[in-house]
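Asks: This is the content of target_20.cif (mmCIF, C-alpha atoms):
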data_my_file
loop_
_atom_site.label_atom_id
_atom_site.label_comp_id
_atom_site.auth_asym_id
_atom_site.auth_seq_id
_atom_site.Cartn_x
_atom_site.Cartn_y
_atom_site.Cartn_z
CA MET D 11 5.07 50.48 18.89
CA ALA D 12 3.74 48.11 21.57
CA ARG D 13 3.21 44.48 20.58
CA ILE D 14 1.23 41.54 21.97
CA TYR D 15 1.73 37.95 20.84
CA PHE D 16 -1.41 35.82 21.35
CA SER D 17 -1.08 32.03 21.10
CA VAL D 18 -4.35 30.11 21.21
CA PHE D 19 -5.39 26.47 21.61
CA GLY D 20 -6.51 25.09 18.26
CA SER D 21 -9.35 22.65 18.96
CA GLY D 22 -12.87 24.10 19.09
CA LEU D 23 -13.73 27.80 19.02
CA GLY D 24 -14.06 28.68 22.72
CA HIS D 25 -10.41 29.65 23.19
CA VAL D 26 -9.98 31.68 20.00
CA THR D 27 -13.21 33.65 20.49
CA ARG D 28 -12.12 34.41 24.07
CA VAL D 29 -8.79 35.78 22.83
CA LEU D 30 -10.49 37.92 20.19
CA ASP D 31 -12.90 39.28 22.81
CA VAL D 32 -9.89 40.31 24.92
CA ALA D 33 -8.30 41.97 21.89
CA GLU D 34 -11.50 43.83 21.05
CA ARG D 35 -11.87 45.08 24.63
CA LEU D 36 -8.28 46.30 24.55
CA HIS D 37 -9.21 48.36 21.51
CA SER D 38 -12.55 49.64 22.78
CA ASN D 39 -11.07 50.82 26.09
CA GLY D 40 -8.79 53.10 24.13
CA ASN D 41 -6.23 53.30 26.92
CA GLY D 42 -3.80 50.56 26.18
CA TYR D 43 -3.13 48.08 23.47
CA GLY D 44 -4.55 47.69 19.99
CA ASN D 45 -7.66 46.33 18.35
CA GLY D 46 -8.72 42.99 16.95
CA ASN D 47 -7.40 44.04 13.53
CA GLY D 48 -3.94 44.42 14.92
CA HIS D 49 -3.25 48.14 14.57
CA GLY D 50 -5.32 50.13 17.05
CA ASN D 51 -3.89 52.64 19.52
CA GLY D 52 -0.36 52.23 18.16
CA THR D 53 -0.19 48.52 18.99
CA GLU D 54 0.41 45.51 16.78
CA PHE D 55 -0.98 42.04 17.50
CA CYS D 56 0.31 38.68 16.28
CA TYR D 57 -1.81 35.55 16.58
CA SER D 58 -0.50 31.98 16.60
CA GLY D 59 -2.85 29.04 16.18
CA SER D 60 -3.69 25.81 14.38
CA LEU D 61 -6.67 23.67 13.36
CA GLN D 62 -10.08 25.33 13.90
CA ALA D 63 -8.60 28.32 15.70
CA LEU D 64 -6.34 29.09 12.75
CA LYS D 65 -9.25 28.97 10.34
CA TYR D 66 -11.29 31.27 12.58
CA LEU D 67 -8.42 33.71 12.98
CA ARG D 68 -7.93 33.92 9.23
CA MET D 69 -11.65 34.58 8.79
CA HIS D 70 -11.70 37.41 11.35
CA GLN D 71 -8.19 38.89 11.26
CA ASN D 72 -7.60 39.99 7.69
CA GLY D 73 -5.61 43.04 8.77
CA SER D 74 -3.31 41.43 11.31
CA LYS D 75 -0.46 38.94 11.46
CA VAL D 76 -1.55 35.31 11.85
CA VAL D 77 1.02 32.51 11.95
CA GLU D 78 0.34 28.79 11.71
CA SER D 79 1.66 26.76 14.61
CA PRO D 80 2.32 23.02 14.23
CA PRO D 81 -0.95 21.26 15.15
CA LEU D 82 -1.38 19.15 18.24
CA ASP D 83 -4.74 17.54 18.97
CA VAL D 84 -6.15 14.37 20.46
CA GLU D 85 -7.60 11.54 18.39
CA TRP D 86 -11.36 11.27 17.77
CA THR D 87 -13.34 8.14 16.91
CA GLU D 88 -15.89 7.87 14.11
CA ASP D 89 -18.73 8.25 16.64
CA GLY D 90 -17.26 11.54 17.85
CA SER D 91 -15.68 10.51 21.14
CA PHE D 92 -12.23 11.08 22.58
CA SER D 93 -10.14 8.08 21.48
CA SER D 94 -8.07 6.94 24.46
CA LYS D 95 -7.18 3.80 22.50
CA ASP D 96 -5.48 5.84 19.79
CA PHE D 97 -4.12 8.46 22.18
CA ILE D 98 -1.69 6.15 23.99
CA PRO D 99 0.14 4.66 20.95
CA HIS D 100 0.29 8.10 19.33
CA PHE D 101 1.70 9.77 22.45
CA PRO D 102 5.35 9.64 21.26
CA SER D 103 4.48 11.40 18.00
CA MET D 104 2.34 13.91 19.92
CA PHE D 105 5.28 14.64 22.20
CA ASN D 106 7.43 15.20 19.11
CA SER D 107 4.78 17.62 17.81
CA PHE D 108 4.88 19.41 21.15
CA LEU D 109 8.65 19.86 20.83
CA LYS D 110 8.12 21.27 17.32
CA GLN D 111 5.55 23.67 18.78
CA ILE D 112 8.05 24.90 21.38
CA ALA D 113 10.69 25.50 18.69
CA PHE D 114 8.15 27.28 16.48
CA GLU D 115 6.80 29.48 19.27
CA THR D 116 10.29 30.39 20.49
CA LYS D 117 11.28 31.45 16.96
CA SER D 118 8.03 33.33 16.25
CA ILE D 119 8.10 35.17 19.57
CA SER D 120 11.75 36.14 19.08
CA GLU D 121 11.04 37.46 15.58
CA PHE D 122 7.94 39.43 16.65
CA LYS D 123 9.64 40.90 19.76
CA PRO D 124 6.44 41.45 21.79
CA ASN D 125 6.00 43.44 24.98
CA LEU D 126 3.93 40.53 26.26
CA VAL D 127 3.02 36.96 25.31
CA VAL D 128 -0.54 35.83 26.12
CA SER D 129 -1.14 32.08 25.94
CA ASP D 130 -4.67 30.71 25.96
CA SER D 131 -4.38 27.11 27.20
CA ARG D 132 -1.16 26.34 25.33
CA LEU D 133 2.02 25.31 27.14
CA SER D 134 4.43 25.65 24.20
CA PRO D 135 4.28 29.49 24.06
CA VAL D 136 4.81 29.64 27.83
CA ILE D 137 8.03 27.68 27.45
CA GLY D 138 8.91 29.58 24.27
CA ALA D 139 8.43 32.95 25.97
CA ARG D 140 10.63 31.90 28.86
CA ARG D 141 13.34 30.66 26.48
CA ALA D 142 13.20 33.96 24.60
CA SER D 143 13.06 36.02 27.86
CA TYR D 144 9.65 37.65 27.34
CA PRO D 145 6.91 38.06 29.99
CA VAL D 146 3.96 35.70 29.57
CA ILE D 147 0.42 35.50 30.92
CA THR D 148 -1.58 32.29 30.66
CA ILE D 149 -5.38 32.21 30.40
CA LEU D 150 -6.81 28.84 31.46
CA ASN D 151 -9.97 27.01 32.33
CA GLN D 152 -8.28 23.60 32.66
CA PHE D 153 -5.31 23.50 35.02
CA LYS D 154 -4.56 19.79 34.69
CA VAL D 155 -5.39 17.00 32.25
CA ASN D 156 -7.76 14.39 33.66
CA LEU D 157 -7.79 10.86 32.31
CA PRO D 158 -10.95 9.36 30.81
CA PRO D 159 -13.13 7.68 33.49
CA ARG D 160 -12.12 4.10 32.73
CA PHE D 161 -8.44 4.91 33.33
CA ARG D 162 -9.24 6.36 36.76
CA ALA D 163 -10.91 3.22 38.05
CA ASN D 164 -7.69 1.86 39.62
CA TRP D 165 -5.03 3.37 41.87
CA SER D 166 -2.32 3.38 39.18
CA GLY D 167 -4.45 5.53 36.88
CA ARG D 168 -5.26 7.95 39.70
CA PHE D 169 -1.59 8.09 40.71
CA TYR D 170 -0.49 8.83 37.14
CA GLU D 171 -3.15 11.53 36.83
CA ARG D 172 -1.99 13.18 40.07
CA VAL D 173 1.68 13.15 39.04
CA ALA D 174 0.85 14.48 35.57
CA GLY D 175 -1.27 17.23 37.15
CA ASP D 176 1.55 18.28 39.46
CA VAL D 177 4.06 18.40 36.59
CA LEU D 178 1.67 20.38 34.41
CA GLY D 179 1.05 22.78 37.30
CA LEU D 180 4.77 23.41 37.63
CA LEU D 181 5.00 24.16 33.91
CA TRP D 182 2.00 26.54 33.96
CA SER D 183 3.66 28.32 36.89
CA LEU D 184 6.47 29.39 34.53
CA SER D 185 3.97 32.08 33.54
CA ASP D 186 4.16 35.46 35.23
CA GLN D 187 0.45 35.08 35.98
CA VAL D 188 -2.12 32.31 35.48
CA LEU D 189 -5.68 33.59 35.04
CA MET D 190 -8.43 31.03 35.65
CA THR D 191 -11.56 32.02 33.74
CA ASP D 192 -13.95 30.59 36.31
CA LEU D 193 -15.70 31.43 39.57
CA PRO D 194 -13.94 30.68 42.86
CA PRO D 195 -15.08 27.71 44.98
CA PRO D 196 -17.69 26.46 45.63
CA TYR D 197 -19.00 27.59 42.23
CA THR D 198 -15.97 26.60 40.15
CA ILE D 199 -17.33 24.85 37.06
CA GLY D 200 -13.94 23.36 36.24
CA ALA D 201 -13.41 22.05 39.78
CA ALA D 202 -12.59 18.56 38.47
CA ASN D 203 -9.70 20.09 36.53
CA ILE D 204 -8.19 21.51 39.73
CA ASP D 205 -9.00 18.90 42.38
CA GLY D 206 -5.93 17.36 43.97
CA THR D 207 -3.63 20.24 43.04
CA ASP D 208 -2.47 23.21 45.07
CA VAL D 209 -3.32 26.23 42.94
CA ALA D 210 -3.72 28.84 45.67
CA LYS D 211 -0.35 30.49 44.96
CA ILE D 212 -0.54 30.13 41.19
CA VAL D 213 -4.07 30.83 39.99
CA ARG D 214 -6.16 33.99 40.04
CA TYR D 215 -9.89 33.49 39.45
CA VAL D 216 -11.13 36.23 37.12
CA GLY D 217 -14.67 35.05 36.33
CA PHE D 218 -16.12 33.81 33.06
CA THR D 219 -14.97 35.27 29.76
CA SER D 220 -18.17 34.51 27.89
CA PRO D 221 -19.66 37.43 25.95
CA ARG D 222 -21.87 39.85 27.88
CA LEU D 223 -23.62 41.61 25.05
CA GLU D 224 -26.08 44.45 25.27
CA LEU D 225 -28.64 43.41 22.66
CA ASP D 226 -31.18 46.10 21.90
CA ALA D 227 -34.85 45.39 21.30
CA ALA D 228 -34.62 45.96 17.54
CA ARG D 229 -31.83 43.40 17.16
CA LEU D 230 -33.73 40.82 19.18
CA SER D 231 -36.90 41.54 17.22
CA ARG D 232 -35.09 40.92 13.91
CA ALA D 233 -33.77 37.60 15.20
CA ARG D 234 -37.22 36.60 16.44
CA GLU D 235 -38.66 37.39 13.02
CA GLU D 236 -35.89 35.57 11.13
CA VAL D 237 -36.61 32.24 12.81
CA GLY D 238 -40.35 32.79 13.27
CA ILE D 239 -40.54 32.46 17.05
CA ASP D 240 -44.12 32.25 18.34
CA ALA D 241 -45.52 32.28 21.89
CA ARG D 242 -43.97 28.89 22.78
CA PRO D 243 -40.67 28.80 24.70
CA LEU D 244 -37.51 28.77 22.56
CA VAL D 245 -35.01 25.92 22.96
CA PHE D 246 -31.72 26.83 21.30
CA VAL D 247 -29.51 23.87 20.41
CA GLN D 248 -25.89 24.95 19.95
CA ILE D 249 -23.60 22.17 18.71
CA SER D 250 -19.95 23.07 19.15
CA GLY D 251 -16.55 21.41 19.38
CA PRO D 252 -14.35 19.62 16.83
CA ASP D 253 -16.31 18.76 13.68
CA ALA D 254 -15.59 15.05 14.15
CA THR D 255 -17.64 15.05 17.36
CA LYS D 256 -20.82 16.57 15.96
CA LYS D 257 -22.60 14.03 13.75
CA ARG D 258 -24.13 11.68 16.36
CA PHE D 259 -25.19 14.59 18.58
CA ALA D 260 -26.78 16.39 15.62
CA ASP D 261 -28.59 13.25 14.41
CA THR D 262 -30.07 12.67 17.87
CA VAL D 263 -31.19 16.29 18.18
CA LEU D 264 -32.87 16.17 14.77
CA ARG D 265 -34.80 13.04 15.76
CA ALA D 266 -35.78 14.53 19.12
CA ALA D 267 -37.06 17.65 17.36
CA ASP D 268 -39.98 15.64 15.97
CA ASP D 269 -41.37 15.49 19.51
CA LEU D 270 -40.02 18.76 20.91
CA THR D 271 -41.48 21.01 18.19
CA ARG D 272 -44.98 20.14 19.41
CA HIS D 273 -44.34 22.20 22.54
CA TYR D 274 -41.37 24.48 21.80
CA ASN D 275 -39.69 26.59 19.17
CA ILE D 276 -36.56 24.63 18.25
CA VAL D 277 -33.56 26.30 16.60
CA ILE D 278 -30.46 24.20 15.90
CA SER D 279 -26.97 25.46 15.05
CA LEU D 280 -24.57 22.81 13.72
CA GLY D 281 -21.58 25.11 14.23
CA TYR D 282 -19.78 24.45 10.94
CA LEU D 283 -17.43 27.36 10.24
CA ASN D 284 -17.88 27.31 6.46
CA GLY D 285 -21.55 26.40 6.63
CA SER D 286 -24.50 28.41 5.38
CA GLY D 287 -25.82 31.21 7.59
CA VAL D 288 -29.28 30.97 6.00
CA PRO D 289 -31.92 29.30 8.21
CA LYS D 290 -33.68 26.22 6.87
CA ARG D 291 -37.10 25.16 8.16
CA LEU D 292 -37.36 21.41 8.55
CA ALA D 293 -40.49 19.34 7.97
CA ASN D 294 -41.14 19.10 11.72
CA GLY D 295 -41.00 22.91 12.08
CA ALA D 296 -37.52 23.20 13.60
CA ILE D 297 -35.08 25.78 12.24
CA LEU D 298 -31.62 24.57 11.21
CA TYR D 299 -28.45 26.61 10.68
CA GLU D 300 -25.17 25.16 9.46
CA TRP D 301 -23.51 28.26 10.97
CA CYS D 302 -25.67 30.61 13.02
CA PRO D 303 -24.89 34.32 12.62
CA ILE D 304 -27.42 35.30 15.32
CA LYS D 305 -26.43 32.83 18.03
CA ASP D 306 -26.07 35.54 20.70
CA GLU D 307 -29.56 36.83 19.99
CA LEU D 308 -31.00 33.31 20.14
CA PHE D 309 -29.15 32.66 23.39
CA GLU D 310 -30.81 35.76 24.85
CA LEU D 311 -34.27 34.85 23.53
CA SER D 312 -34.13 31.23 24.64
CA SER D 313 -35.76 29.69 27.70
CA LEU D 314 -33.34 26.74 27.60
CA VAL D 315 -30.06 25.88 25.88
CA VAL D 316 -28.99 22.43 24.72
CA ALA D 317 -25.25 22.26 24.16
CA ARG D 318 -21.91 20.63 24.76
CA SER D 319 -20.30 21.36 28.11
CA GLY D 320 -17.39 23.48 26.98
CA HIS D 321 -16.34 26.00 29.59
CA ARG D 322 -17.18 29.08 27.53
CA THR D 323 -20.63 27.72 26.69
CA ILE D 324 -21.38 27.10 30.37
CA GLY D 325 -20.10 30.56 31.26
CA GLN D 326 -22.48 32.10 28.73
CA CYS D 327 -25.37 30.05 30.15
CA ILE D 328 -24.66 31.35 33.65
CA ASP D 329 -24.02 34.93 32.56
CA SER D 330 -27.26 34.88 30.53
CA ALA D 331 -29.13 33.02 33.33
CA LYS D 332 -30.20 30.22 30.99
CA PRO D 333 -30.73 26.70 32.32
CA ALA D 334 -29.24 24.06 30.04
CA VAL D 335 -29.21 20.42 29.06
CA LEU D 336 -25.53 19.56 28.57
CA ILE D 337 -24.18 16.63 26.57
CA PRO D 338 -20.41 16.38 27.04
CA ILE D 339 -18.29 14.87 24.29
CA HIS D 340 -18.02 11.13 24.93
CA ASN D 341 -14.99 10.20 27.01
CA HIS D 342 -13.87 13.85 27.21
CA PRO D 343 -12.67 14.31 30.82
CA GLU D 344 -12.91 18.11 31.00
CA GLN D 345 -16.41 18.28 29.54
CA LEU D 346 -17.61 15.41 31.70
CA GLY D 347 -16.41 17.21 34.83
CA ASN D 348 -17.92 20.52 33.71
CA ALA D 349 -21.31 18.93 33.04
CA GLU D 350 -21.36 17.08 36.35
CA LYS D 351 -20.58 20.26 38.31
CA PHE D 352 -23.22 22.25 36.39
CA ALA D 353 -25.83 19.61 37.20
CA SER D 354 -24.72 19.30 40.84
CA LEU D 355 -25.34 23.04 41.28
CA GLY D 356 -28.90 22.50 40.06
CA LEU D 357 -28.42 24.68 36.97
CA GLY D 358 -29.65 22.09 34.48
CA LYS D 359 -29.27 18.49 33.45
CA ALA D 360 -26.34 16.48 32.09
CA ILE D 361 -26.63 13.48 29.77
CA ARG D 362 -23.69 11.23 28.95
CA ALA D 363 -23.16 11.03 25.18
CA GLU D 364 -23.20 7.23 25.23
CA GLU D 365 -26.63 7.33 26.93
CA LEU D 366 -28.14 10.01 24.70
CA THR D 367 -31.37 9.10 22.89
CA PRO D 368 -34.07 11.30 21.36
CA GLN D 369 -36.48 10.29 24.13
CA LEU D 370 -34.01 11.02 26.94
CA LEU D 371 -33.16 14.39 25.43
CA ALA D 372 -36.83 15.34 25.11
CA GLU D 373 -37.47 14.28 28.72
CA ALA D 374 -34.52 16.37 29.94
CA VAL D 375 -35.76 19.44 28.08
CA ASP D 376 -39.26 19.00 29.53
CA GLY D 377 -37.83 18.41 33.00
CA CYS D 378 -35.78 21.61 32.99
CA LEU D 379 -38.55 23.80 31.62
CA ASN D 380 -41.24 22.42 33.91
CA ASP D 381 -39.24 22.74 37.14
CA SER D 382 -38.73 26.34 38.24
CA SER D 383 -35.87 25.41 40.58
CA TYR D 384 -33.42 25.27 37.66
CA GLN D 385 -34.16 28.89 36.75
CA GLN D 386 -33.99 29.97 40.40
CA ASN D 387 -30.63 28.26 40.90
CA ILE D 388 -29.04 29.72 37.81
CA ASP D 389 -30.38 33.17 38.70
CA ALA D 390 -28.56 32.88 42.05
CA VAL D 391 -25.23 31.90 40.45
CA ASN D 392 -25.74 34.59 37.82
CA ARG D 393 -25.81 37.22 40.59
CA ILE D 394 -22.46 35.92 41.86
CA SER D 395 -20.96 35.86 38.36
CA LYS D 396 -21.97 39.48 37.78
CA LYS D 397 -19.47 40.52 40.44
CA TYR D 398 -16.69 39.46 38.06
CA ASP D 399 -15.65 40.71 34.65
CA GLY D 400 -13.37 38.07 33.18
CA ILE D 401 -12.55 39.88 29.95
CA GLY D 402 -12.11 43.21 31.72
CA THR D 403 -9.78 41.73 34.33
CA CYS D 404 -7.66 40.08 31.63
CA VAL D 405 -7.47 43.41 29.81
CA ASP D 406 -6.45 45.30 32.97
CA ILE D 407 -3.66 42.80 33.67
CA ILE D 408 -2.43 42.95 30.07
CA ASN D 409 -2.42 46.75 30.20
CA SER D 410 -0.28 46.62 33.32
CA TYR D 411 2.56 45.27 31.16
CA ASP D 412 2.40 48.23 28.76
#
In structure tokens, what does this structure look like?

Replies:
Amino acid sequence: MARIYFSVFGSGLGHVTRVLDVAERLHSNGNGYGNGNGHGNGTEFCYSGSLQALKYLRMHQNGSKVVESPPLDVEWTEDGSFSSKDFIPHFPSMFNSFLKQIAFETKSISEFKPNLVVSDSRLSPVIGARRASYPVITILNQFKVNLPPRFRANWSGRFYERVAGDVLGLLWSLSDQVLMTDLPPPYTIGAANIDGTDVAKIVRYVGFTSPRLELDAARLSRAREEVGIDARPLVFVQISGPDATKKRFADTVLRAADDLTRHYNIVISLGYLNGSGVPKRLANGAILYEWCPIKDELFELSSLVVARSGHRTIGQCIDSAKPAVLIPIHNHPEQLGNAEKFASLGLGKAIRAEELTPQLLAEAVDGCLNDSSYQQNIDAVNRISKKYDGIGTCVDIINSYD
């Protein structure tokens, strides 16, 4: 029986949903490995994760093996920003947690005896697979770790960031293959996470791994009816990321909705895993979900998306040809770089979290929807993205190890 060991980054849901999409495609192709439940086509899957990813895996993988890896995450402040102040003093304990992860992954991989290890944005299973002498593929959208902006203001911070990026690149290159889930230059959304490094011999660009769903008219009609969409444009607000980062963003969106609902249908998803999937109509006419079970349908029906600037979210915007207003998590280097690149390509607007106000958000929504250039630009990049099939390419490469 063939076996695949998936190890997935724990914070947020973008990485774990990407891995499960790969697993599902492996099953649906019917010519290689198993299905998302772990037992299709004579193949067994094992999933390793922590934090939000672990919770999501346990919700969606009742029939397969899921193991809990020691957690490793950054610190978050009460206002939902990346806490660089807490990160530095906690670095020694985080490094100790990383060593525990390596020991855990080495042991788990050795016990499972896979044909292939697939790591999504986690270094510990790469090292663990090498220690246990198993082939490993890494799926990434962030090649190096950038420092928060204030640390990059002087030469010492930039020097440290460059050295850390080079070291991390050497460690990623322990993988048999590194698959970058992005478009090649000049359209690379995660360009800030690659700049200053030589990735030409290490990375293969495979395109976005966001879902490309074929939603029939009946399914879209049911979604339209559920939220009561009228003739006005739909603005879908999708709040994602670690739960600690959501409150201030959600509060601002709810205040902005008082103005926005005069011109648009507003549907808000708070993205809480255990939240209610029943829509609630607010006094201002907006629709609120704690957890939205029809988010893909609403993405398709929308004229504009308001969201964080996670890589998977941006990929879905481009693949669905939806302009967006992006609000990166405060002080989060990857999301800041993603949002800046998205805006520089003319695909939408980016607002820094520390600058976000209800008025500024409403103005950004109006600006995107009243300027046709944003739709034209994202249509052009959408045509380029359609030449790639990120999930399919990942599946083909995994099957080559069968």

Asks: Give as a PDB file with C-alpha atoms, keeping the file's coordinate frame the residues that the PyMOL selection byres ((chain D and resi 23) around 12) matches when applied to the coordinates above.

Replies:
ATOM      1  CA  VAL D  18      -4.350  30.110  21.210  1.00  0.00           C
ATOM      2  CA  PHE D  19      -5.390  26.470  21.610  1.00  0.00           C
ATOM      3  CA  GLY D  20      -6.510  25.090  18.260  1.00  0.00           C
ATOM      4  CA  SER D  21      -9.350  22.650  18.960  1.00  0.00           C
ATOM      5  CA  GLY D  22     -12.870  24.100  19.090  1.00  0.00           C
ATOM      6  CA  GLY D  24     -14.060  28.680  22.720  1.00  0.00           C
ATOM      7  CA  HIS D  25     -10.410  29.650  23.190  1.00  0.00           C
ATOM      8  CA  VAL D  26      -9.980  31.680  20.000  1.00  0.00           C
ATOM      9  CA  THR D  27     -13.210  33.650  20.490  1.00  0.00           C
ATOM     10  CA  ARG D  28     -12.120  34.410  24.070  1.00  0.00           C
ATOM     11  CA  VAL D  29      -8.790  35.780  22.830  1.00  0.00           C
ATOM     12  CA  LEU D  30     -10.490  37.920  20.190  1.00  0.00           C
ATOM     13  CA  GLY D  59      -2.850  29.040  16.180  1.00  0.00           C
ATOM     14  CA  SER D  60      -3.690  25.810  14.380  1.00  0.00           C
ATOM     15  CA  LEU D  61      -6.670  23.670  13.360  1.00  0.00           C
ATOM     16  CA  GLN D  62     -10.080  25.330  13.900  1.00  0.00           C
ATOM     17  CA  ALA D  63      -8.600  28.320  15.700  1.00  0.00           C
ATOM     18  CA  LEU D  64      -6.340  29.090  12.750  1.00  0.00           C
ATOM     19  CA  LYS D  65      -9.250  28.970  10.340  1.00  0.00           C
ATOM     20  CA  TYR D  66     -11.290  31.270  12.580  1.00  0.00           C
ATOM     21  CA  LEU D  67      -8.420  33.710  12.980  1.00  0.00           C
ATOM     22  CA  ASP D 130      -4.670  30.710  25.960  1.00  0.00           C
ATOM     23  CA  SER D 220     -18.170  34.510  27.890  1.00  0.00           C
ATOM     24  CA  ILE D 249     -23.600  22.170  18.710  1.00  0.00           C
ATOM     25  CA  SER D 250     -19.950  23.070  19.150  1.00  0.00           C
ATOM     26  CA  GLY D 251     -16.550  21.410  19.380  1.00  0.00           C
ATOM     27  CA  PRO D 252     -14.350  19.620  16.830  1.00  0.00           C
ATOM     28  CA  ASP D 253     -16.310  18.760  13.680  1.00  0.00           C
ATOM     29  CA  GLY D 281     -21.580  25.110  14.230  1.00  0.00           C
ATOM     30  CA  TYR D 282     -19.780  24.450  10.940  1.00  0.00           C
ATOM     31  CA  LEU D 283     -17.430  27.360  10.240  1.00  0.00           C
ATOM     32  CA  GLY D 320     -17.390  23.480  26.980  1.00  0.00           C
ATOM     33  CA  HIS D 321     -16.340  26.000  29.590  1.00  0.00           C
ATOM     34  CA  ARG D 322     -17.180  29.080  27.530  1.00  0.00           C
ATOM     35  CA  THR D 323     -20.630  27.720  26.690  1.00  0.00           C
TER      36      THR D 323
END

Asks: Please, what distance in Å, to one decimal, runs between CA of Leu264 in chain D and CA of Val316 in chain D?

Replies: 12.4 Å

Asks: Residues within 12 Å of Thr367 in chain D, please, as a PyMOL selection string. Count all atoms listed in the file; anything in the same chain fewer than 2 positions from it doesn't count.

Replies: chain D and resi 258-267+337+361-365+369-374

Asks: Those same residues - C-alpha atoms - I'd like them written as a PDB file, in the coordinates of the input.

Replies:
ATOM      1  CA  ARG D 258     -24.130  11.680  16.360  1.00  0.00           C
ATOM      2  CA  PHE D 259     -25.190  14.590  18.580  1.00  0.00           C
ATOM      3  CA  ALA D 260     -26.780  16.390  15.620  1.00  0.00           C
ATOM      4  CA  ASP D 261     -28.590  13.250  14.410  1.00  0.00           C
ATOM      5  CA  THR D 262     -30.070  12.670  17.870  1.00  0.00           C
ATOM      6  CA  VAL D 263     -31.190  16.290  18.180  1.00  0.00           C
ATOM      7  CA  LEU D 264     -32.870  16.170  14.770  1.00  0.00           C
ATOM      8  CA  ARG D 265     -34.800  13.040  15.760  1.00  0.00           C
ATOM      9  CA  ALA D 266     -35.780  14.530  19.120  1.00  0.00           C
ATOM     10  CA  ALA D 267     -37.060  17.650  17.360  1.00  0.00           C
ATOM     11  CA  ILE D 337     -24.180  16.630  26.570  1.00  0.00           C
ATOM     12  CA  ILE D 361     -26.630  13.480  29.770  1.00  0.00           C
ATOM     13  CA  ARG D 362     -23.690  11.230  28.950  1.00  0.00           C
ATOM     14  CA  ALA D 363     -23.160  11.030  25.180  1.00  0.00           C
ATOM     15  CA  GLU D 364     -23.200   7.230  25.230  1.00  0.00           C
ATOM     16  CA  GLU D 365     -26.630   7.330  26.930  1.00  0.00           C
ATOM     17  CA  GLN D 369     -36.480  10.290  24.130  1.00  0.00           C
ATOM     18  CA  LEU D 370     -34.010  11.020  26.940  1.00  0.00           C
ATOM     19  CA  LEU D 371     -33.160  14.390  25.430  1.00  0.00           C
ATOM     20  CA  ALA D 372     -36.830  15.340  25.110  1.00  0.00           C
ATOM     21  CA  GLU D 373     -37.470  14.280  28.720  1.00  0.00           C
ATOM     22  CA  ALA D 374     -34.520  16.370  29.940  1.00  0.00           C
TER      23      ALA D 374
END

Asks: On this structure, which residues satisfy the PyMOL selection byres ((chain D and resi 314) around 7), written as a PyMOL selection string?

Replies: chain D and resi 244-246+312-313+315-316+332-334

Asks: Can you measure CA of Glu350 in chain D to CA of Val375 in chain D for me? One decimal in Å is fine.

Replies: 16.8 Å

Asks: Can you patch up range 225-236 of chain D, filling it in to N, CA and C atoms, and show the result as a compact mmCIF listing (two decimals), keeping the file's coordinate frame?

Replies:
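Contents of the output file selection_36.txt:
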# COMPACT_ATOMS: atom_id res chain seq x y z
N LEU D 225 -27.88 43.58 23.89
CA LEU D 225 -28.64 43.41 22.66
C LEU D 225 -29.91 44.24 22.73
N ASP D 226 -30.02 45.21 21.84
CA ASP D 226 -31.18 46.10 21.90
C ASP D 226 -32.42 45.39 21.37
N ALA D 227 -33.57 46.01 21.63
CA ALA D 227 -34.85 45.39 21.30
C ALA D 227 -35.00 45.17 19.80
N ALA D 228 -34.48 46.09 18.99
CA ALA D 228 -34.62 45.96 17.54
C ALA D 228 -33.84 44.74 17.04
N ARG D 229 -32.65 44.54 17.58
CA ARG D 229 -31.83 43.40 17.16
C ARG D 229 -32.49 42.08 17.55
N LEU D 230 -33.04 42.03 18.74
CA LEU D 230 -33.73 40.82 19.18
C LEU D 230 -35.00 40.58 18.36
N SER D 231 -35.67 41.66 18.01
CA SER D 231 -36.90 41.54 17.22
C SER D 231 -36.58 40.98 15.82
N ARG D 232 -35.48 41.44 15.22
CA ARG D 232 -35.09 40.92 13.91
C ARG D 232 -34.77 39.43 13.98
N ALA D 233 -34.09 39.02 15.04
CA ALA D 233 -33.77 37.60 15.20
C ALA D 233 -35.04 36.78 15.39
N ARG D 234 -35.95 37.30 16.20
CA ARG D 234 -37.22 36.60 16.44
C ARG D 234 -37.98 36.42 15.12
N GLU D 235 -37.96 37.45 14.30
CA GLU D 235 -38.66 37.39 13.02
C GLU D 235 -37.96 36.43 12.06
N GLU D 236 -36.63 36.41 12.07
CA GLU D 236 -35.89 35.57 11.13
C GLU D 236 -36.20 34.09 11.32
